[in-house]
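**Q** Supplied structure: model.pdb, PDB, C-alpha atoms and all ligand atoms.
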```
ATOM      1  CA  MET A   1     -75.729  55.113  52.012
ATOM      2  CA  VAL A   2     -73.784  56.370  49.021
ATOM      3  CA  THR A   3     -72.729  53.690  46.576
ATOM      4  CA  LYS A   4     -69.106  54.666  46.876
ATOM      5  CA  THR A   5     -68.813  53.371  50.430
ATOM      6  CA  LYS A   6     -70.989  50.274  50.029
ATOM      7  CA  THR A   7     -69.290  46.921  49.533
ATOM      8  CA  TYR A   8     -69.509  45.132  46.199
ATOM      9  CA  ALA A   9     -71.442  42.361  47.970
ATOM     10  CA  GLN A  10     -74.032  44.786  49.377
ATOM     11  CA  ARG A  11     -74.497  46.285  45.945
ATOM     12  CA  ALA A  12     -74.803  42.862  44.297
ATOM     13  CA  LYS A  13     -77.563  41.741  46.636
ATOM     14  CA  ASP A  14     -80.457  43.729  45.239
ATOM     15  CA  HIS A  15     -79.074  45.026  41.976
ATOM     16  CA  PRO A  16     -81.916  45.126  39.416
ATOM     17  CA  ASN A  17     -79.646  44.750  36.369
ATOM     18  CA  THR A  18     -78.713  41.100  35.676
ATOM     19  CA  ALA A  19     -75.269  41.770  34.188
ATOM     20  CA  ALA A  20     -74.360  44.297  36.907
ATOM     21  CA  LYS A  21     -75.407  41.824  39.585
ATOM     22  CA  GLN A  22     -73.339  39.059  37.971
ATOM     23  CA  LEU A  23     -70.295  41.321  37.731
ATOM     24  CA  LEU A  24     -70.585  42.543  41.337
ATOM     25  CA  GLU A  25     -70.964  38.946  42.551
ATOM     26  CA  THR A  26     -67.910  37.874  40.560
ATOM     27  CA  ILE A  27     -65.866  40.779  41.933
ATOM     28  CA  ASP A  28     -66.854  39.851  45.475
ATOM     29  CA  ARG A  29     -66.254  36.107  44.982
ATOM     30  CA  LYS A  30     -62.818  36.569  43.426
ATOM     31  CA  LYS A  31     -61.807  39.635  45.411
ATOM     32  CA  SER A  32     -60.794  41.255  42.145
ATOM     33  CA  ASN A  33     -61.958  44.491  40.543
ATOM     34  CA  LEU A  34     -59.505  44.007  37.690
ATOM     35  CA  CYS A  35     -60.607  43.776  34.066
ATOM     36  CA  VAL A  36     -57.834  42.870  31.655
ATOM     37  CA  SER A  37     -58.137  44.215  28.133
ATOM     38  CA  VAL A  38     -56.637  41.695  25.707
ATOM     39  CA  ASP A  39     -55.849  43.778  22.633
ATOM     40  CA  VAL A  40     -53.835  41.304  20.591
ATOM     41  CA  THR A  41     -54.290  40.194  16.996
ATOM     42  CA  ARG A  42     -53.599  36.424  17.070
ATOM     43  CA  LYS A  43     -55.995  33.824  18.423
ATOM     44  CA  ALA A  44     -53.251  31.791  20.118
ATOM     45  CA  ASN A  45     -51.887  34.832  21.974
ATOM     46  CA  PHE A  46     -55.373  35.994  22.866
ATOM     47  CA  LEU A  47     -56.325  32.677  24.467
ATOM     48  CA  ALA A  48     -52.911  32.213  26.104
ATOM     49  CA  ILE A  49     -53.096  35.619  27.810
ATOM     50  CA  ILE A  50     -56.655  35.019  28.990
ATOM     51  CA  ASP A  51     -55.684  31.659  30.481
ATOM     52  CA  LEU A  52     -52.794  33.346  32.314
ATOM     53  CA  VAL A  53     -54.746  36.320  33.697
ATOM     54  CA  GLY A  54     -58.000  34.388  34.262
ATOM     55  CA  PRO A  55     -57.444  33.635  37.964
ATOM     56  CA  PHE A  56     -56.881  37.334  38.732
ATOM     57  CA  VAL A  57     -59.761  39.032  36.919
ATOM     58  CA  CYS A  58     -63.484  39.591  37.272
ATOM     59  CA  LEU A  59     -63.832  40.536  33.619
ATOM     60  CA  VAL A  60     -61.992  40.059  30.315
ATOM     61  CA  LYS A  61     -62.366  42.824  27.751
ATOM     62  CA  THR A  62     -62.056  41.994  24.067
ATOM     63  CA  HIS A  63     -61.745  43.806  20.745
ATOM     64  CA  ILE A  64     -62.872  40.823  18.734
ATOM     65  CA  ASP A  65     -62.541  42.630  15.378
ATOM     66  CA  ILE A  66     -58.748  42.969  15.659
ATOM     67  CA  ILE A  67     -58.144  39.220  15.679
ATOM     68  CA  GLU A  68     -56.774  38.168  12.315
ATOM     69  CA  ASP A  69     -57.455  34.442  12.572
ATOM     70  CA  PHE A  70     -60.872  34.711  14.245
ATOM     71  CA  ASP A  71     -63.071  31.622  14.076
ATOM     72  CA  HIS A  72     -65.945  30.198  16.085
ATOM     73  CA  ASP A  73     -63.652  27.880  17.965
ATOM     74  CA  LEU A  74     -62.106  31.004  19.509
ATOM     75  CA  ILE A  75     -65.466  31.932  21.007
ATOM     76  CA  GLU A  76     -65.991  28.397  22.302
ATOM     77  CA  GLN A  77     -62.557  28.424  23.924
ATOM     78  CA  LEU A  78     -63.166  31.882  25.361
ATOM     79  CA  GLN A  79     -66.369  30.598  26.948
ATOM     80  CA  VAL A  80     -64.545  27.566  28.347
ATOM     81  CA  LEU A  81     -61.954  29.887  29.921
ATOM     82  CA  SER A  82     -64.717  32.131  31.279
ATOM     83  CA  LYS A  83     -66.167  29.125  33.139
ATOM     84  CA  LYS A  84     -62.787  27.680  34.146
ATOM     85  CA  HIS A  85     -61.590  30.917  35.740
ATOM     86  CA  ASP A  86     -64.964  32.458  36.676
ATOM     87  CA  PHE A  87     -64.921  35.773  34.817
ATOM     88  CA  LEU A  88     -67.381  37.635  32.620
ATOM     89  CA  ILE A  89     -66.748  38.798  29.046
ATOM     90  CA  PHE A  90     -66.975  42.398  27.830
ATOM     91  CA  GLU A  91     -66.744  43.053  24.087
ATOM     92  CA  ASP A  92     -65.550  46.651  23.783
ATOM     93  CA  ARG A  93     -67.436  47.269  20.538
ATOM     94  CA  LYS A  94     -68.197  50.956  21.111
ATOM     95  CA  PHE A  95     -71.365  50.949  19.033
ATOM     96  CA  ALA A  96     -72.187  54.392  17.616
ATOM     97  CA  ASP A  97     -74.896  54.078  14.928
ATOM     98  CA  ILE A  98     -78.692  54.234  14.556
ATOM     99  CA  GLY A  99     -80.806  51.715  16.475
ATOM    100  CA  ASN A 100     -81.493  49.418  13.538
ATOM    101  CA  THR A 101     -77.846  49.221  12.483
ATOM    102  CA  VAL A 102     -76.479  48.587  15.973
ATOM    103  CA  SER A 103     -79.051  45.858  16.596
ATOM    104  CA  LEU A 104     -77.717  44.070  13.500
ATOM    105  CA  GLN A 105     -74.070  44.696  14.403
ATOM    106  CA  TYR A 106     -74.740  43.325  17.890
ATOM    107  CA  SER A 107     -76.677  40.208  16.875
ATOM    108  CA  SER A 108     -75.270  39.274  13.481
ATOM    109  CA  GLY A 109     -72.273  39.408  11.163
ATOM    110  CA  VAL A 110     -69.201  37.280  11.707
ATOM    111  CA  HIS A 111     -68.931  37.900  15.434
ATOM    112  CA  LYS A 112     -72.513  37.588  16.790
ATOM    113  CA  ILE A 113     -71.420  39.568  19.850
ATOM    114  CA  ALA A 114     -74.674  39.314  21.806
ATOM    115  CA  SER A 115     -74.496  35.521  21.829
ATOM    116  CA  TRP A 116     -71.315  35.399  23.930
ATOM    117  CA  SER A 117     -70.519  38.797  25.453
ATOM    118  CA  HIS A 118     -72.125  39.498  28.838
ATOM    119  CA  ILE A 119     -71.385  43.193  28.545
ATOM    120  CA  THR A 120     -70.853  45.608  25.681
ATOM    121  CA  ASN A 121     -70.620  49.385  25.307
ATOM    122  CA  ALA A 122     -71.881  52.232  23.168
ATOM    123  CA  HIS A 123     -71.206  55.882  22.498
ATOM    124  CA  PRO A 124     -74.235  57.980  23.467
ATOM    125  CA  VAL A 125     -73.716  60.240  20.450
ATOM    126  CA  PRO A 126     -76.761  58.995  18.425
ATOM    127  CA  GLY A 127     -79.128  59.584  21.404
ATOM    128  CA  PRO A 128     -81.432  57.141  23.256
ATOM    129  CA  SER A 129     -82.257  55.060  20.151
ATOM    130  CA  ILE A 130     -78.848  53.428  20.391
ATOM    131  CA  ILE A 131     -79.881  52.003  23.759
ATOM    132  CA  THR A 132     -83.267  50.758  22.608
ATOM    133  CA  GLY A 133     -81.709  49.275  19.455
ATOM    134  CA  LEU A 134     -79.154  47.300  21.465
ATOM    135  CA  ALA A 135     -81.700  46.418  24.159
ATOM    136  CA  SER A 136     -83.957  44.849  21.524
ATOM    137  CA  VAL A 137     -81.246  42.205  21.141
ATOM    138  CA  GLY A 138     -79.479  42.053  24.493
ATOM    139  CA  LYS A 139     -82.097  42.625  27.167
ATOM    140  CA  SER A 140     -83.860  39.270  26.891
ATOM    141  CA  LEU A 141     -80.437  37.587  27.007
ATOM    142  CA  GLY A 142     -79.635  39.292  30.329
ATOM    143  CA  ARG A 143     -76.835  41.352  28.802
ATOM    144  CA  GLY A 144     -75.679  44.720  30.099
ATOM    145  CA  LEU A 145     -74.692  47.934  28.357
ATOM    146  CA  LEU A 146     -72.116  50.527  29.400
ATOM    147  CA  LEU A 147     -72.352  54.020  27.977
ATOM    148  CA  LEU A 148     -69.120  55.867  27.254
ATOM    149  CA  ALA A 149     -69.746  58.964  29.367
ATOM    150  CA  GLU A 150     -66.081  59.986  29.340
ATOM    151  CA  MET A 151     -62.877  58.790  27.706
ATOM    152  CA  SER A 152     -59.324  58.423  28.949
ATOM    153  CA  THR A 153     -57.728  60.131  25.979
ATOM    154  CA  LYS A 154     -56.198  63.568  25.816
ATOM    155  CA  GLY A 155     -58.607  66.124  24.315
ATOM    156  CA  SER A 156     -61.678  63.880  24.633
ATOM    157  CA  LEU A 157     -64.939  65.588  23.601
ATOM    158  CA  ALA A 158     -66.949  63.483  26.042
ATOM    159  CA  VAL A 159     -67.051  66.101  28.796
ATOM    160  CA  GLY A 160     -69.477  68.562  30.402
ATOM    161  CA  SER A 161     -73.022  68.515  29.047
ATOM    162  CA  TYR A 162     -72.226  65.521  26.812
ATOM    163  CA  THR A 163     -71.366  63.479  29.901
ATOM    164  CA  GLU A 164     -74.442  64.799  31.743
ATOM    165  CA  ASP A 165     -76.715  63.828  28.870
ATOM    166  CA  ALA A 166     -75.166  60.356  28.765
ATOM    167  CA  VAL A 167     -76.065  59.898  32.425
ATOM    168  CA  LYS A 168     -79.627  61.121  31.833
ATOM    169  CA  MET A 169     -79.975  58.640  28.957
ATOM    170  CA  ALA A 170     -78.776  55.839  31.215
ATOM    171  CA  ARG A 171     -81.236  56.818  33.976
ATOM    172  CA  ALA A 172     -84.091  56.442  31.550
ATOM    173  CA  HIS A 173     -82.943  52.893  30.619
ATOM    174  CA  LYS A 174     -81.717  51.381  33.870
ATOM    175  CA  ASP A 175     -83.049  47.952  32.942
ATOM    176  CA  PHE A 176     -80.373  47.594  30.248
ATOM    177  CA  VAL A 177     -77.728  50.230  30.990
ATOM    178  CA  MET A 178     -75.641  48.898  33.875
ATOM    179  CA  GLY A 179     -73.129  51.709  34.078
ATOM    180  CA  PHE A 180     -70.484  53.760  32.359
ATOM    181  CA  ILE A 181     -67.053  53.786  30.917
ATOM    182  CA  ALA A 182     -65.869  56.893  32.714
ATOM    183  CA  GLN A 183     -63.054  58.411  34.716
ATOM    184  CA  GLN A 184     -65.066  59.136  37.885
ATOM    185  CA  ARG A 185     -68.317  58.315  39.690
ATOM    186  CA  MET A 186     -71.355  59.725  37.977
ATOM    187  CA  ASP A 187     -73.544  60.036  41.105
ATOM    188  CA  GLY A 188     -75.350  63.324  40.912
ATOM    189  CA  VAL A 189     -74.096  64.191  37.427
ATOM    190  CA  GLY A 190     -76.927  65.726  35.444
ATOM    191  CA  ALA A 191     -79.349  65.389  38.373
ATOM    192  CA  GLU A 192     -81.608  68.332  39.121
ATOM    193  CA  GLY A 193     -81.015  69.977  42.499
ATOM    194  CA  GLY A 194     -78.505  67.668  44.128
ATOM    195  CA  SER A 195     -77.631  64.032  43.958
ATOM    196  CA  GLY A 196     -81.048  62.362  43.645
ATOM    197  CA  THR A 197     -79.178  59.087  43.266
ATOM    198  CA  GLU A 198     -80.338  57.097  46.286
ATOM    199  CA  GLU A 199     -81.929  54.389  44.221
ATOM    200  CA  GLU A 200     -79.436  54.176  41.368
ATOM    201  CA  ASP A 201     -76.259  52.162  41.273
ATOM    202  CA  PHE A 202     -74.371  52.481  38.020
ATOM    203  CA  LEU A 203     -71.059  50.676  37.793
ATOM    204  CA  ILE A 204     -68.071  52.722  36.697
ATOM    205  CA  LEU A 205     -65.506  50.827  34.636
ATOM    206  CA  THR A 206     -62.353  52.806  34.043
ATOM    207  CA  PRO A 207     -59.652  52.400  31.406
ATOM    208  CA  GLY A 208     -56.440  54.385  31.267
ATOM    209  CA  VAL A 209     -54.897  52.577  34.241
ATOM    210  CA  GLY A 210     -51.163  51.959  34.588
ATOM    211  CA  LEU A 211     -48.651  51.795  37.400
ATOM    212  CA  ASP A 212     -45.440  52.335  35.472
ATOM    213  CA  VAL A 213     -46.128  54.888  32.728
ATOM    214  CA  LYS A 214     -48.295  57.991  32.305
ATOM    215  CA  GLY A 215     -49.125  57.670  28.596
ATOM    216  CA  ASP A 216     -48.488  55.725  25.394
ATOM    217  CA  GLY A 217     -47.503  58.478  22.947
ATOM    218  CA  MET A 218     -50.834  57.998  21.128
ATOM    219  CA  GLY A 219     -53.138  60.033  23.367
ATOM    220  CA  GLN A 220     -53.759  57.477  26.099
ATOM    221  CA  GLN A 221     -53.444  58.808  29.671
ATOM    222  CA  TYR A 222     -52.801  56.528  32.652
ATOM    223  CA  ARG A 223     -53.705  56.891  36.299
ATOM    224  CA  THR A 224     -52.976  54.506  39.156
ATOM    225  CA  PRO A 225     -55.547  52.073  40.608
ATOM    226  CA  ARG A 226     -55.602  54.176  43.790
ATOM    227  CA  GLU A 227     -56.352  57.393  41.896
ATOM    228  CA  VAL A 228     -59.124  55.622  40.009
ATOM    229  CA  ILE A 229     -60.758  53.637  42.824
ATOM    230  CA  VAL A 230     -60.183  55.820  45.893
ATOM    231  CA  GLU A 231     -59.936  59.352  44.569
ATOM    232  CA  SER A 232     -62.396  59.047  41.669
ATOM    233  CA  GLY A 233     -64.674  56.386  43.184
ATOM    234  CA  CYS A 234     -64.674  54.062  40.167
ATOM    235  CA  ASP A 235     -65.520  50.365  40.512
ATOM    236  CA  VAL A 236     -63.437  48.382  38.019
ATOM    237  CA  ILE A 237     -59.949  49.083  36.672
ATOM    238  CA  ILE A 238     -59.348  48.178  33.038
ATOM    239  CA  VAL A 239     -55.718  47.395  32.243
ATOM    240  CA  GLY A 240     -54.339  46.334  28.875
ATOM    241  CA  ARG A 241     -50.674  46.739  27.987
ATOM    242  CA  GLY A 242     -49.715  47.240  31.635
ATOM    243  CA  VAL A 243     -50.542  43.553  32.126
ATOM    244  CA  TYR A 244     -49.731  41.733  28.902
ATOM    245  CA  GLY A 245     -46.737  43.837  27.793
ATOM    246  CA  ASN A 246     -45.423  42.980  24.361
ATOM    247  CA  PRO A 247     -47.739  40.369  22.792
ATOM    248  CA  ASN A 248     -45.102  39.410  20.239
ATOM    249  CA  ALA A 249     -42.687  38.412  22.964
ATOM    250  CA  LEU A 250     -45.055  37.107  25.606
ATOM    251  CA  ASP A 251     -43.416  36.851  29.017
ATOM    252  CA  VAL A 252     -45.575  34.212  30.669
ATOM    253  CA  ASP A 253     -44.377  34.826  34.227
ATOM    254  CA  GLY A 254     -44.442  38.581  33.650
ATOM    255  CA  VAL A 255     -48.093  38.520  32.552
ATOM    256  CA  ARG A 256     -49.107  36.490  35.582
ATOM    257  CA  ARG A 257     -47.085  38.722  37.889
ATOM    258  CA  GLN A 258     -48.561  41.931  36.486
ATOM    259  CA  ALA A 259     -52.122  40.602  36.628
ATOM    260  CA  GLU A 260     -51.646  39.681  40.270
ATOM    261  CA  ARG A 261     -50.028  43.055  40.969
ATOM    262  CA  TYR A 262     -52.909  45.035  39.460
ATOM    263  CA  MET A 263     -55.472  42.801  41.161
ATOM    264  CA  LYS A 264     -53.843  43.440  44.552
ATOM    265  CA  GLU A 265     -53.523  47.184  43.951
ATOM    266  CA  GLY A 266     -57.151  47.414  42.837
ATOM    267  CA  TRP A 267     -58.403  45.483  45.862
ATOM    268  CA  LYS A 268     -56.240  47.406  48.299
ATOM    269  CA  ALA A 269     -57.654  50.645  46.906
ATOM    270  CA  TYR A 270     -61.221  49.335  47.245
ATOM    271  CA  LEU A 271     -60.664  48.368  50.896
ATOM    272  CA  GLU A 272     -59.311  51.846  51.549
ATOM    273  CA  ARG A 273     -62.366  53.356  49.874
ATOM    274  CA  ILE A 274     -64.895  51.450  51.948
ATOM    275  CA  GLY A 275     -62.869  52.185  55.088
ATOM    276  CA  GLU A 276     -61.554  48.703  55.898
TER     277      GLU A 276
HETATM  278  O1  LIG A 301     -61.826  55.953  27.205
HETATM  279  C1  LIG A 301     -61.448  54.826  26.931
HETATM  280  C2  LIG A 301     -62.349  53.795  26.699
HETATM  281  C3  LIG A 301     -61.864  52.510  26.464
HETATM  282  S1  LIG A 301     -63.005  51.237  26.424
HETATM  283  N1  LIG A 301     -60.122  54.552  26.882
HETATM  284  C4  LIG A 301     -59.630  53.295  26.617
HETATM  285  O2  LIG A 301     -58.405  53.101  26.627
HETATM  286  N2  LIG A 301     -60.512  52.259  26.362
HETATM  287  C5  LIG A 301     -60.025  50.890  26.014
HETATM  288  O3  LIG A 301     -59.280  50.382  27.114
HETATM  289  C6  LIG A 301     -59.096  50.841  24.811
HETATM  290  O4  LIG A 301     -59.821  50.585  23.627
HETATM  291  C7  LIG A 301     -58.161  49.688  25.151
HETATM  292  O5  LIG A 301     -58.725  48.475  24.718
HETATM  293  C8  LIG A 301     -58.114  49.679  26.670
HETATM  294  C9  LIG A 301     -56.891  50.332  27.281
HETATM  295  O6  LIG A 301     -55.734  49.637  26.954
HETATM  296  P1  LIG A 301     -54.302  50.020  27.560
HETATM  297  O7  LIG A 301     -53.357  49.077  26.861
HETATM  298  O8  LIG A 301     -54.027  51.450  27.233
HETATM  299  O9  LIG A 301     -54.381  49.774  29.047
END
```
Once you've parsed the file, please lay out its structure as structure tokens.
**A**
Amino acid sequence: MVTKTKTYAQRAKDHPNTAAKQLLETIDRKKSNLCVSVDVTRKANFLAIIDLVGPFVCLVKTHIDIIEDFDHDLIEQLQVLSKKHDFLIFEDRKFADIGNTVSLQYSSGVHKIASWSHITNAHPVPGPSIITGLASVGKSLGRGLLLLAEMSTKGSLAVGSYTEDAVKMARAHKDFVMGFIAQQRMDGVGAEGGSGTEEEDFLILTPGVGLDVKGDGMGQQYRTPREVIVESGCDVIIVGRGVYGNPNALDVDGVRRQAERYMKEGWKAYLERIGE
């Protein structure tokens, strides 16, 4: 059966990648394929938004390096919220350097990403050594890696043979690469003579999702949850500003309402996709 029409629960059952299995189980348990991206610069706002959206998400995506008053208490509180609301954490670090450098960036420095982030991501541009470099830190911790096979931005260079090569790289490292940041399913992409994807189940996490606007004036392009989940066969919708709005004038009820709205839209689209 093609992955696209399988349920999240069926896919979770035998998934060989620890982080993918955890994410699929969380999605199924919470009936949410929504990941909220919390791109704000103050610790208090960051934690407040996560506490508000927590009940509605399977995953919280962070850009930890934009937080101006970062400290280790923030990570402790983030982990408390992750347990309280039952979601996983995805640091959107977009690693892009040689294996040795990314292994240090992942394990060390101020943020020590590998110690708290279940999932992280990398640009395939340096070639397979970026995967082995990150895996040398994250694999034994049960972490998962997403490769950026495509991007949501206008004029992205991650297309065509670049995307195909990203998928081939992932296929060769299925123990650590759990899926892709992409705009569509990657089944069959880069495969010789047809799909050849019976035994692979990469998760597709998709940013550039919005219900009310089509762009942000800075290159971002938005599609609806239905376009992403039903038409393009992706697995998780990533929504940032569409949920939290203006972080400097946080509308508490508005954030909760939007998170619930996107969660419902994402789930409705999934049910349509699997034919329920
Ligand atoms: O192609 C991409 C990849 C990523 S990870 N396009 C993206 O927008 N992202 C991230 O998703 C981006 O860095 C941001 O954190 C989030 C989208 O935020 P929004 O406010 O536009 O929904």
**Q** Mind checking which residues fall within 12 Å of Lys13 of chain A, counting all atoms listed in the file, ignoring those fewer than 5 positions away in the same chain, and posting them as a ChimeraX atom specification?
**A** /A:6-8,18,20-25,28,201
**Q** Between A:Leu134, A:Thr206, A:Ile119, A:Pro247, which one has atoms that come closest to Leu47 of chain A, using only C-alpha atoms?
**A** A:Pro247
**Q** Which residues form the shell of 10 Å around ligand LIG 301 (chain A) when you count all atoms listed in the file, given as a PDB file with C-alpha atoms, keeping the file's coordinate frame?
**A**
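The resulting file, part04.pdb, is shown below:
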```pdb
ATOM      1  CA  CYS A  35     -60.607  43.776  34.066  1.00  0.00           C
ATOM      2  CA  VAL A  36     -57.834  42.870  31.655  1.00  0.00           C
ATOM      3  CA  SER A  37     -58.137  44.215  28.133  1.00  0.00           C
ATOM      4  CA  VAL A  38     -56.637  41.695  25.707  1.00  0.00           C
ATOM      5  CA  ASP A  39     -55.849  43.778  22.633  1.00  0.00           C
ATOM      6  CA  VAL A  40     -53.835  41.304  20.591  1.00  0.00           C
ATOM      7  CA  LYS A  61     -62.366  42.824  27.751  1.00  0.00           C
ATOM      8  CA  THR A  62     -62.056  41.994  24.067  1.00  0.00           C
ATOM      9  CA  HIS A  63     -61.745  43.806  20.745  1.00  0.00           C
ATOM     10  CA  PHE A  90     -66.975  42.398  27.830  1.00  0.00           C
ATOM     11  CA  GLU A  91     -66.744  43.053  24.087  1.00  0.00           C
ATOM     12  CA  ASP A  92     -65.550  46.651  23.783  1.00  0.00           C
ATOM     13  CA  ARG A  93     -67.436  47.269  20.538  1.00  0.00           C
ATOM     14  CA  LYS A  94     -68.197  50.956  21.111  1.00  0.00           C
ATOM     15  CA  THR A 120     -70.853  45.608  25.681  1.00  0.00           C
ATOM     16  CA  ASN A 121     -70.620  49.385  25.307  1.00  0.00           C
ATOM     17  CA  ALA A 122     -71.881  52.232  23.168  1.00  0.00           C
ATOM     18  CA  LEU A 146     -72.116  50.527  29.400  1.00  0.00           C
ATOM     19  CA  LEU A 147     -72.352  54.020  27.977  1.00  0.00           C
ATOM     20  CA  LEU A 148     -69.120  55.867  27.254  1.00  0.00           C
ATOM     21  CA  ALA A 149     -69.746  58.964  29.367  1.00  0.00           C
ATOM     22  CA  GLU A 150     -66.081  59.986  29.340  1.00  0.00           C
ATOM     23  CA  MET A 151     -62.877  58.790  27.706  1.00  0.00           C
ATOM     24  CA  SER A 152     -59.324  58.423  28.949  1.00  0.00           C
ATOM     25  CA  THR A 153     -57.728  60.131  25.979  1.00  0.00           C
ATOM     26  CA  LYS A 154     -56.198  63.568  25.816  1.00  0.00           C
ATOM     27  CA  SER A 156     -61.678  63.880  24.633  1.00  0.00           C
ATOM     28  CA  ALA A 158     -66.949  63.483  26.042  1.00  0.00           C
ATOM     29  CA  PHE A 180     -70.484  53.760  32.359  1.00  0.00           C
ATOM     30  CA  ILE A 181     -67.053  53.786  30.917  1.00  0.00           C
ATOM     31  CA  ALA A 182     -65.869  56.893  32.714  1.00  0.00           C
ATOM     32  CA  GLN A 183     -63.054  58.411  34.716  1.00  0.00           C
ATOM     33  CA  LEU A 205     -65.506  50.827  34.636  1.00  0.00           C
ATOM     34  CA  THR A 206     -62.353  52.806  34.043  1.00  0.00           C
ATOM     35  CA  PRO A 207     -59.652  52.400  31.406  1.00  0.00           C
ATOM     36  CA  GLY A 208     -56.440  54.385  31.267  1.00  0.00           C
ATOM     37  CA  VAL A 209     -54.897  52.577  34.241  1.00  0.00           C
ATOM     38  CA  GLY A 210     -51.163  51.959  34.588  1.00  0.00           C
ATOM     39  CA  GLY A 215     -49.125  57.670  28.596  1.00  0.00           C
ATOM     40  CA  ASP A 216     -48.488  55.725  25.394  1.00  0.00           C
ATOM     41  CA  MET A 218     -50.834  57.998  21.128  1.00  0.00           C
ATOM     42  CA  GLY A 219     -53.138  60.033  23.367  1.00  0.00           C
ATOM     43  CA  GLN A 220     -53.759  57.477  26.099  1.00  0.00           C
ATOM     44  CA  GLN A 221     -53.444  58.808  29.671  1.00  0.00           C
ATOM     45  CA  TYR A 222     -52.801  56.528  32.652  1.00  0.00           C
ATOM     46  CA  ILE A 237     -59.949  49.083  36.672  1.00  0.00           C
ATOM     47  CA  ILE A 238     -59.348  48.178  33.038  1.00  0.00           C
ATOM     48  CA  VAL A 239     -55.718  47.395  32.243  1.00  0.00           C
ATOM     49  CA  GLY A 240     -54.339  46.334  28.875  1.00  0.00           C
ATOM     50  CA  ARG A 241     -50.674  46.739  27.987  1.00  0.00           C
ATOM     51  CA  GLY A 242     -49.715  47.240  31.635  1.00  0.00           C
ATOM     52  CA  VAL A 243     -50.542  43.553  32.126  1.00  0.00           C
ATOM     53  CA  TYR A 244     -49.731  41.733  28.902  1.00  0.00           C
ATOM     54  CA  GLY A 245     -46.737  43.837  27.793  1.00  0.00           C
TER      55      GLY A 245
END
```
**Q** In Å, with one decimal, what is the gap from atom CA of Asn100 of chain A to atom CA of Asp69 of chain A?
**A** 28.3 Å
**Q** What does the distance between atom CA of Gly127 of chain A and atom CA of Met169 of chain A come to in Å, to one decimal place?
**A**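 Spanning atom CA of Gly127 of chain A to atom CA of Met169 of chain A is a straight-line distance of 7.7 Å.
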